[in-house]
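What follows is the content of entry-v6.txt, which has compact mmCIF, C-alpha atoms:
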# COMPACT_ATOMS: atom_id res chain seq x y z
CA LYS K 431 -78.38 53.77 49.39
CA MET K 432 -76.40 52.43 46.44
CA ASP K 433 -79.44 50.55 45.14
CA HIS K 434 -81.51 53.73 45.26
CA LEU K 435 -78.86 55.60 43.31
CA LEU K 436 -78.72 52.83 40.71
CA MET K 437 -82.48 53.00 40.31
CA ALA K 438 -82.21 56.74 39.71
CA PHE K 439 -79.14 56.80 37.45
CA GLY K 440 -78.85 53.21 36.21
CA THR K 441 -79.61 54.14 32.62
CA ARG K 442 -76.66 56.54 32.40
CA PRO K 443 -73.01 55.55 31.87
CA ILE K 444 -72.06 57.56 34.95
CA SER K 445 -73.80 54.84 36.96
CA VAL K 446 -70.59 52.81 36.59
CA GLU K 447 -69.20 54.95 39.41
CA ILE K 448 -72.11 53.84 41.58
CA TYR K 449 -71.53 50.19 40.58
CA LEU K 450 -67.88 50.63 41.52
CA ALA K 451 -68.69 52.15 44.92
CA LYS K 452 -71.20 49.36 45.61
CA ALA K 453 -68.76 46.64 44.57
CA ARG K 454 -66.01 48.08 46.78
CA GLU K 455 -68.37 48.30 49.73
CA LEU K 456 -69.43 44.67 49.29
CA SER K 457 -65.82 43.56 48.86
CA ASN K 458 -64.77 45.38 52.04
CA GLN K 459 -67.57 43.52 53.84
CA ASN K 460 -66.06 40.23 52.53
CA LYS K 461 -69.10 39.70 50.33
CA LYS K 462 -66.88 38.80 47.40
CA PRO K 463 -69.41 36.86 45.25
CA GLU K 464 -71.89 39.75 45.43
CA ALA K 465 -69.15 42.28 44.64
CA LEU K 466 -68.03 40.18 41.68
CA GLN K 467 -71.56 40.07 40.31
CA VAL K 468 -71.84 43.87 40.53
CA CYS K 469 -68.59 44.18 38.57
CA LYS K 470 -69.86 41.80 35.90
CA ASP K 471 -73.14 43.70 35.60
CA ALA K 472 -71.35 47.02 35.14
CA ILE K 473 -68.94 45.62 32.54
CA ALA K 474 -71.77 43.99 30.60
CA LYS K 475 -73.87 47.16 30.67
CA TYR K 476 -71.23 49.80 29.93
CA PRO K 477 -68.13 48.06 28.48
CA LYS K 478 -66.86 51.26 26.83
CA TYR K 479 -67.22 53.60 29.78
CA GLU K 480 -64.03 55.64 30.20
CA ARG K 481 -63.36 54.33 33.71
CA ILE K 482 -64.57 50.78 33.19
CA ASN K 483 -61.00 49.60 33.89
CA ALA K 484 -61.50 50.53 37.55
CA ILE K 485 -64.31 47.96 37.67
CA LYS K 486 -62.11 45.40 35.87
CA GLU K 487 -59.27 45.99 38.32
CA LEU K 488 -61.54 45.31 41.27
CA GLN K 489 -62.85 42.17 39.55
CA ASN K 490 -59.28 40.97 39.01
CA GLU K 491 -58.44 41.77 42.62
CA ILE K 492 -61.23 39.45 43.76
CA LEU K 493 -60.24 36.69 41.32
CA ASN K 494 -56.44 36.91 41.55
CA PRO K 495 -54.64 33.96 43.16
CA SER K 496 -52.46 34.56 46.19
CA MET K 497 -50.48 32.50 48.65
CA ALA K 498 -48.46 33.00 51.82
CA VAL K 499 -46.75 30.29 53.85
CA ASN K 500 -45.59 29.98 57.44
CA MET K 501 -43.00 27.31 58.09
CA PRO K 502 -40.26 26.79 60.68
CA THR K 503 -36.69 27.70 59.83
CA ALA K 504 -35.13 24.86 61.84
CA MET K 505 -36.20 21.25 62.37
CA TYR K 506 -34.98 18.03 63.97
CA PRO K 507 -34.30 15.31 61.35
CA GLY K 508 -37.23 12.97 60.74
CA ASP K 509 -39.78 15.18 62.52
CA THR K 510 -42.95 16.35 60.81
CA LEU K 511 -42.52 19.65 58.98
CA SER K 512 -45.78 21.62 59.02
CA LEU K 513 -46.58 24.18 56.35
CA GLN K 514 -49.41 26.59 57.15
CA VAL K 515 -50.60 27.83 53.78
CA TYR K 516 -52.82 30.90 53.41
CA HIS K 517 -54.39 30.76 49.97
CA THR K 518 -56.94 32.49 47.76
CA ASN K 519 -58.22 31.29 44.37
CA LEU K 520 -55.65 28.50 44.09
CA ASP K 521 -56.09 24.85 43.19
CA GLY K 522 -52.77 23.67 44.55
CA PHE K 523 -49.02 24.15 44.92
CA THR K 524 -45.80 22.19 44.63
CA VAL K 525 -43.06 21.96 47.25
CA HIS K 526 -39.54 21.57 45.88
CA ILE K 527 -36.73 20.80 48.33
CA TYR K 528 -33.16 21.50 47.24
CA LYS K 529 -30.05 20.31 49.09
CA VAL K 530 -27.68 23.20 49.74
CA SER K 531 -24.01 22.29 49.42
CA LEU K 532 -22.97 24.63 52.24
CA PRO K 533 -22.92 24.10 56.01
CA GLY K 534 -25.49 25.97 58.04
CA ASN K 535 -22.80 28.21 59.51
CA SER K 536 -21.52 29.40 56.12
CA PRO K 537 -21.74 33.21 55.68
CA LEU K 538 -22.47 32.56 52.00
CA LEU K 539 -26.00 31.49 52.93
CA SER K 540 -27.00 35.12 53.45
CA ASN K 541 -27.03 35.52 49.65
CA ILE K 542 -28.35 32.08 48.69
CA GLN K 543 -31.53 33.55 47.18
CA GLU K 544 -29.55 35.26 44.44
CA GLU K 545 -29.96 33.36 41.18
CA LYS K 546 -26.24 32.76 40.63
CA ASN K 547 -25.83 31.38 44.17
CA ARG K 548 -28.93 29.18 43.88
CA LYS K 549 -27.49 27.62 40.74
CA LYS K 550 -24.09 27.17 42.34
CA TYR K 551 -25.05 25.88 45.77
CA ALA K 552 -28.68 24.70 45.61
CA SER K 553 -29.12 23.00 42.24
CA GLN K 554 -29.60 19.47 43.62
CA LYS K 555 -33.34 18.83 43.86
CA LEU K 556 -34.06 16.36 46.64
CA SER K 557 -37.81 16.01 46.17
CA SER K 558 -40.98 17.51 44.71
CA GLN K 559 -44.48 17.02 46.04
CA HIS K 560 -47.78 18.48 44.84
CA PHE K 561 -50.61 19.38 47.21
CA SER K 562 -54.20 20.15 46.23
CA LEU K 563 -56.18 23.00 47.75
CA GLU K 564 -59.90 23.44 48.15
CA ARG K 565 -61.05 26.83 46.92
CA PRO K 566 -63.58 28.56 49.17
CA ALA K 567 -66.69 29.47 47.20
CA ASN K 568 -66.70 32.95 48.75
CA TYR K 569 -63.30 33.94 47.25
CA LEU K 570 -61.95 34.64 50.74
CA GLN K 571 -58.57 33.57 52.06
CA ALA K 572 -58.41 30.12 53.62
CA ASP K 573 -55.60 28.51 55.59
CA THR K 574 -54.65 24.87 55.48
CA VAL K 575 -51.87 22.92 57.20
CA PHE K 576 -49.85 20.37 55.23
CA SER K 577 -47.19 18.01 56.52
CA LEU K 578 -43.88 16.79 55.16
CA VAL K 579 -41.22 14.52 56.60
CA THR K 580 -38.12 16.50 57.45
CA PRO K 581 -35.00 15.26 55.62
CA GLN K 582 -31.73 14.33 57.26
CA GLU K 583 -29.22 16.75 58.73
CA GLY K 584 -28.20 19.56 56.44
CA THR K 585 -29.23 22.87 54.93
CA TYR K 586 -32.08 22.97 52.42
CA LEU K 587 -33.83 25.50 50.25
CA VAL K 588 -37.58 24.95 50.30
CA GLU K 589 -39.41 26.46 47.33
CA ILE K 590 -43.22 26.52 47.27
CA VAL K 591 -44.72 27.23 43.86
CA PRO K 592 -48.46 27.97 43.37
CA ASP K 593 -50.20 26.29 40.44
CA LYS K 594 -51.32 29.64 39.05
CA ALA K 595 -49.27 32.65 40.00
CA ALA K 596 -46.44 34.85 38.83
CA ALA K 597 -42.92 33.90 39.80
CA THR K 598 -42.93 36.69 42.41
CA ASN K 599 -45.59 34.78 44.35
CA ARG K 600 -43.28 31.86 44.98
CA VAL K 601 -42.19 31.28 48.55
CA SER K 602 -38.54 30.38 49.07
CA GLN K 603 -36.96 29.79 52.47
CA LEU K 604 -33.90 28.16 53.98
CA LEU K 605 -34.48 25.21 56.29
CA SER K 606 -31.86 24.09 58.80
CA VAL K 607 -32.11 20.44 59.81
CA THR K 608 -29.97 19.55 62.81
CA ARG K 609 -29.95 17.53 66.00
CA LEU K 610 -27.98 20.25 67.75
CA LYS K 611 -29.11 23.06 70.00
CA LEU K 612 -26.78 25.77 71.22
CA LEU K 613 -27.18 27.98 74.30
CA SER K 614 -24.74 30.65 75.42
CA ARG K 615 -24.24 33.09 78.28
CA ALA K 616 -21.77 35.57 79.72
CA LEU K 617 -19.66 34.53 82.71
CA PRO K 618 -17.86 36.68 85.27
CA ASN K 619 -14.39 38.04 84.52
CA LYS K 620 -15.13 38.59 80.81
CA ARG K 621 -15.56 34.92 80.11
CA PHE K 622 -18.11 33.34 77.79
CA GLU K 623 -19.78 29.93 77.89
CA ALA K 624 -21.81 27.92 75.40
CA VAL K 625 -23.40 24.52 75.82
CA VAL K 626 -24.31 22.12 73.02
CA LEU K 627 -27.37 19.91 73.53
CA ASP K 628 -29.36 17.40 71.57
CA GLY K 629 -32.41 19.33 70.39
CA LYS K 630 -34.82 16.53 71.30
CA SER K 631 -33.39 14.74 74.35
CA GLY K 632 -31.67 17.75 75.90
CA GLN K 633 -28.58 15.67 76.59
CA PRO K 634 -25.17 17.35 76.29
CA VAL K 635 -23.24 16.75 73.06
CA PRO K 636 -19.47 16.32 73.54
CA ASP K 637 -16.83 16.94 70.85
CA ALA K 638 -19.01 19.37 68.90
CA THR K 639 -17.28 22.22 67.09
CA VAL K 640 -18.49 25.65 68.20
CA LYS K 641 -17.60 28.49 65.83
CA LEU K 642 -17.60 32.20 66.59
CA PHE K 643 -17.66 34.84 63.86
CA THR K 644 -16.89 38.53 63.65
CA VAL K 645 -18.18 41.08 61.14
CA ASN K 646 -15.98 43.69 59.52
CA LYS K 647 -17.31 46.04 56.82
CA GLY K 648 -20.18 43.68 56.14
CA ASN K 649 -17.97 40.60 55.81
CA THR K 650 -18.61 37.74 58.23
CA THR K 651 -15.38 35.94 59.17
CA LEU K 652 -14.64 32.89 61.31
CA SER K 653 -12.74 34.11 64.37
CA GLN K 654 -12.47 31.19 66.78
CA THR K 655 -13.23 27.46 66.90
CA VAL K 656 -13.64 25.49 70.15
CA LYS K 657 -14.55 21.86 70.89
CA SER K 658 -17.21 21.08 73.49
CA ASN K 659 -16.12 19.01 76.49
CA GLY K 660 -17.80 15.91 77.93
CA ASP K 661 -20.62 18.08 79.34
CA GLY K 662 -21.21 19.70 75.98
CA ARG K 663 -19.69 22.97 77.24
CA VAL K 664 -17.13 25.39 75.87
CA GLU K 665 -15.64 28.28 77.81
CA LEU K 666 -13.42 31.02 76.46
CA ASP K 667 -12.45 34.66 76.86
CA TRP K 668 -15.12 37.03 75.63
CA ASN K 669 -14.35 39.05 72.52
CA SER K 670 -16.57 42.08 72.03
CA GLU K 671 -16.21 41.61 68.27
CA PHE K 672 -18.09 38.30 68.32
CA ARG K 673 -21.36 38.64 66.41
CA TYR K 674 -22.47 35.15 65.30
CA ILE K 675 -22.15 31.65 66.71
CA GLY K 676 -22.63 28.25 65.10
CA VAL K 677 -22.05 24.59 65.83
CA GLU K 678 -21.51 21.33 63.98
CA LYS K 679 -20.55 17.76 64.72
CA ASP K 680 -19.40 15.14 62.24
CA THR K 681 -21.96 15.11 59.39
CA ASP K 682 -24.45 17.29 61.28
CA LYS K 683 -23.70 20.68 59.74
CA GLY K 684 -27.23 22.05 59.45
CA TYR K 685 -27.22 24.45 62.40
CA ALA K 686 -27.68 28.00 61.10
CA LEU K 687 -25.65 30.94 62.36
CA GLN K 688 -27.26 32.79 65.26
CA TRP K 689 -26.59 36.10 66.94
CA VAL K 690 -24.32 35.63 69.94
CA ARG K 691 -26.48 35.78 73.06
CA ARG K 692 -24.87 36.67 76.35
CA GLY K 693 -27.91 36.40 78.61
CA GLY K 694 -28.59 33.59 81.04
CA TYR K 695 -30.24 30.28 80.29
CA LEU K 696 -32.07 27.73 82.38
CA PHE K 697 -29.29 25.27 82.95
CA SER K 698 -28.44 23.71 86.29
CA ASP K 699 -24.80 23.56 87.36
CA ARG K 700 -25.59 21.03 90.08
CA LYS K 701 -25.02 17.35 89.60
CA SER K 702 -27.92 15.01 90.30
CA GLU K 703 -27.61 13.42 93.71
Output the file's structure as structure tokens, nothing else.
Amino acid sequence: KMDHLLMAFGTRPISVEIYLAKARELSNQNKKPEALQVCKDAIAKYPKYERINAIKELQNEILNPSMAVNMPTAMYPGDTLSLQVYHTNLDGFTVHIYKVSLPGNSPLLSNIQEEKNRKKYASQKLSSQHFSLERPANYLQADTVFSLVTPQEGTYLVEIVPDKAAATNRVSQLLSVTRLKLLSRALPNKRFEAVVLDGKSGQPVPDATVKLFTVNKGNTTLSQTVKSNGDGRVELDWNSEFRYIGVEKDTDKGYALQWVRRGGYLFSDRKSE
């Protein structure tokens, strides 16, 4: 239909509207190269048409670089960190890892993305690594998985910067690296229990420091600190004001604050016979 209209009105400037409709239709069908060619033809033929910018905007939309990244928020030290990168019209990107000088249970981390806090707490660059991307010839989005070695215990800011993109297209995310895993549940008689485990072996972690936080008028405050026993457990009276829970042990301070969970967990109370 569009081709017939172009044959009928192709010698008139108003035909740019037909070119635009055809290019949009092709683009919506993921026929990006064909849509791009239609845009180029219209621009070459009627560069001074009053709405030629609509054609140019669609052309830029097809050619613009973009990137999105999926990555975990918590890792075990030394494990492989996988980045799933969704990319369009990009040749590569660089991953910068910054060491954050705050423990994972610090309430200050909620504002770490603010420029003043980044400079204050995440100015130490640990590493930078560039990765190359293969551009699909059809201008469509591709996804590629890249791997990094997770650093040692701690809190990190991972910044992923495309080779060609505005600063707003950067991806920045906190990464908690810890050996610790924390489970919690409600007990009868308004009691509360948490158990600290090794995130890989599942073995209990004794002498870990479990921290419980309350929130008042938007301010997160440490309310109670308890040490885990030989079975990795802590038990205490439940406080309805508890909102967040965290854990650390010795130099392992990477565990990020979590909402307090009072449901059950799959944990056997029976000793092995």
Which region 552-614 of chain K residues have any atom within 10 Å of an atom of region 477-493 of chain K, and for each, what is the nearest pair of atoms with distance in Å to one decimal, counting all atoms listed in the file, rows sorted by chain and number, as a tab-separated table?
residue	atom	partner	partner_atom	distance
K:Asn568	CA	K:Ile492	CA	9.9
K:Tyr569	CA	K:Ile492	CA	6.8
K:Leu570	CA	K:Ile492	CA	8.5
Practice task
Between K:Thr524, K:Ser670, K:Thr651, K:Thr580, single out the one closest to Leu511 (chain K), counting all atoms listed in the file.
Solution key: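 Comparing K:Thr524, K:Ser670, K:Thr651, K:Thr580 against Leu511 (chain K), the winner is K:Thr580.
The coordinates place CA of Val515 (chain K) at 24.7 Å from CA of Ser540 (chain K).
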Fill in the blank from the handout: Restricting to all atoms listed in the file, whichever of K:Trp689, K:Tyr528, K:Phe561, K:Phe643 is closest to Tyr586 (chain K) is K:Tyr528
Exercise for the section: Using all atoms listed in the file, determine which residues lie at most 7 Å from Gly508 (chain K), disregarding the query and same-chain residues fewer than 3 positions distant; provide the list as a PyMOL selection string. Expected result: chain K and resi 579-582
Find the nearest atom pair between each residue of region 596-650 of chain K and region 544-551 of chain K for residues within 12 Å, count all atoms listed in the file, give distances in Å to one decimal, sort rows by chain and ascending number, and present the table as a tab-separated table.
residue	atom	partner	partner_atom	distance
K:Ser602	CA	K:Arg548	CA	11.0
K:Gln603	CA	K:Arg548	CA	11.8
K:Leu604	CA	K:Arg548	CA	11.3
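In terms of minimum interatomic distance to Tyr674 (chain K), K:Pro537 ranks closest within K:Leu617, K:Thr574, K:Pro537, K:Pro636, counting all atoms listed in the file.
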Practice task
For Glu623 (chain K), list every protein, DNA or RNA residue within 8 Å, evaluated using only C-alpha atoms, and leave out those in the same chain fewer than 6 positions away; present the list as a list in words.
Solution key: Ser614, Arg615, Ala616, Leu617, Arg663, Val664, Glu665 and Leu666 of chain K
Handout entry: Between CA of Val625 (chain K) and CA of Thr503 (chain K), distance in Å (one decimal)
Key = 21.0 Å
Exercise for the section: Would you work out the distance separating CA of Leu652 (chain K) from CA of Pro502 (chain K), expressed in Å to one decimal? Expected result: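 Spanning CA of Leu652 (chain K) to CA of Pro502 (chain K) is a straight-line distance of 26.3 Å.
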Practice task
For each of K:Asn619, K:Thr639, K:Gln543, K:Ser445, take the minimum atom-to-atom distance to Asp680 (chain K), counting all atoms listed in the file, then give the residue where this is smallest.
Solution key: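 Checking each of K:Asn619, K:Thr639, K:Gln543, K:Ser445 against Asp680 (chain K), counting all atoms listed in the file, the winner is K:Thr639.
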Exercise for the section: Mind checking which residues fall within 8 Å of Arg673 (chain K), counting only C-alpha atoms, ignoring those fewer than 2 positions away in the same chain, and posting them as number ranges by chain? Expected result: K: 642-645, 671, 675, 689-690
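Using all atoms listed in the file for every distance, the candidate list K:Asp667, K:Asn460, K:Tyr449, K:Asp682 yields K:Asp667 as the residue closest to Lys620 (chain K).
Of the listed residues (K:Pro618, K:Ser553, K:Val591, K:Met501), K:Met501 comes nearest to Leu605 (chain K); the distances count only C-alpha atoms.
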Exercise for the section: Would you kindly identify which residues have an atom no farther than 7 Å from (-48.4, 22.4, 54.5), using only C-alpha atoms and the file's own coordinates, and write them out as a list in words? Expected result: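 The distance filter leaves exactly Ser512, Leu513, Gln514, Val515, Thr574, Val575, Phe576 and Ser577 of chain K.
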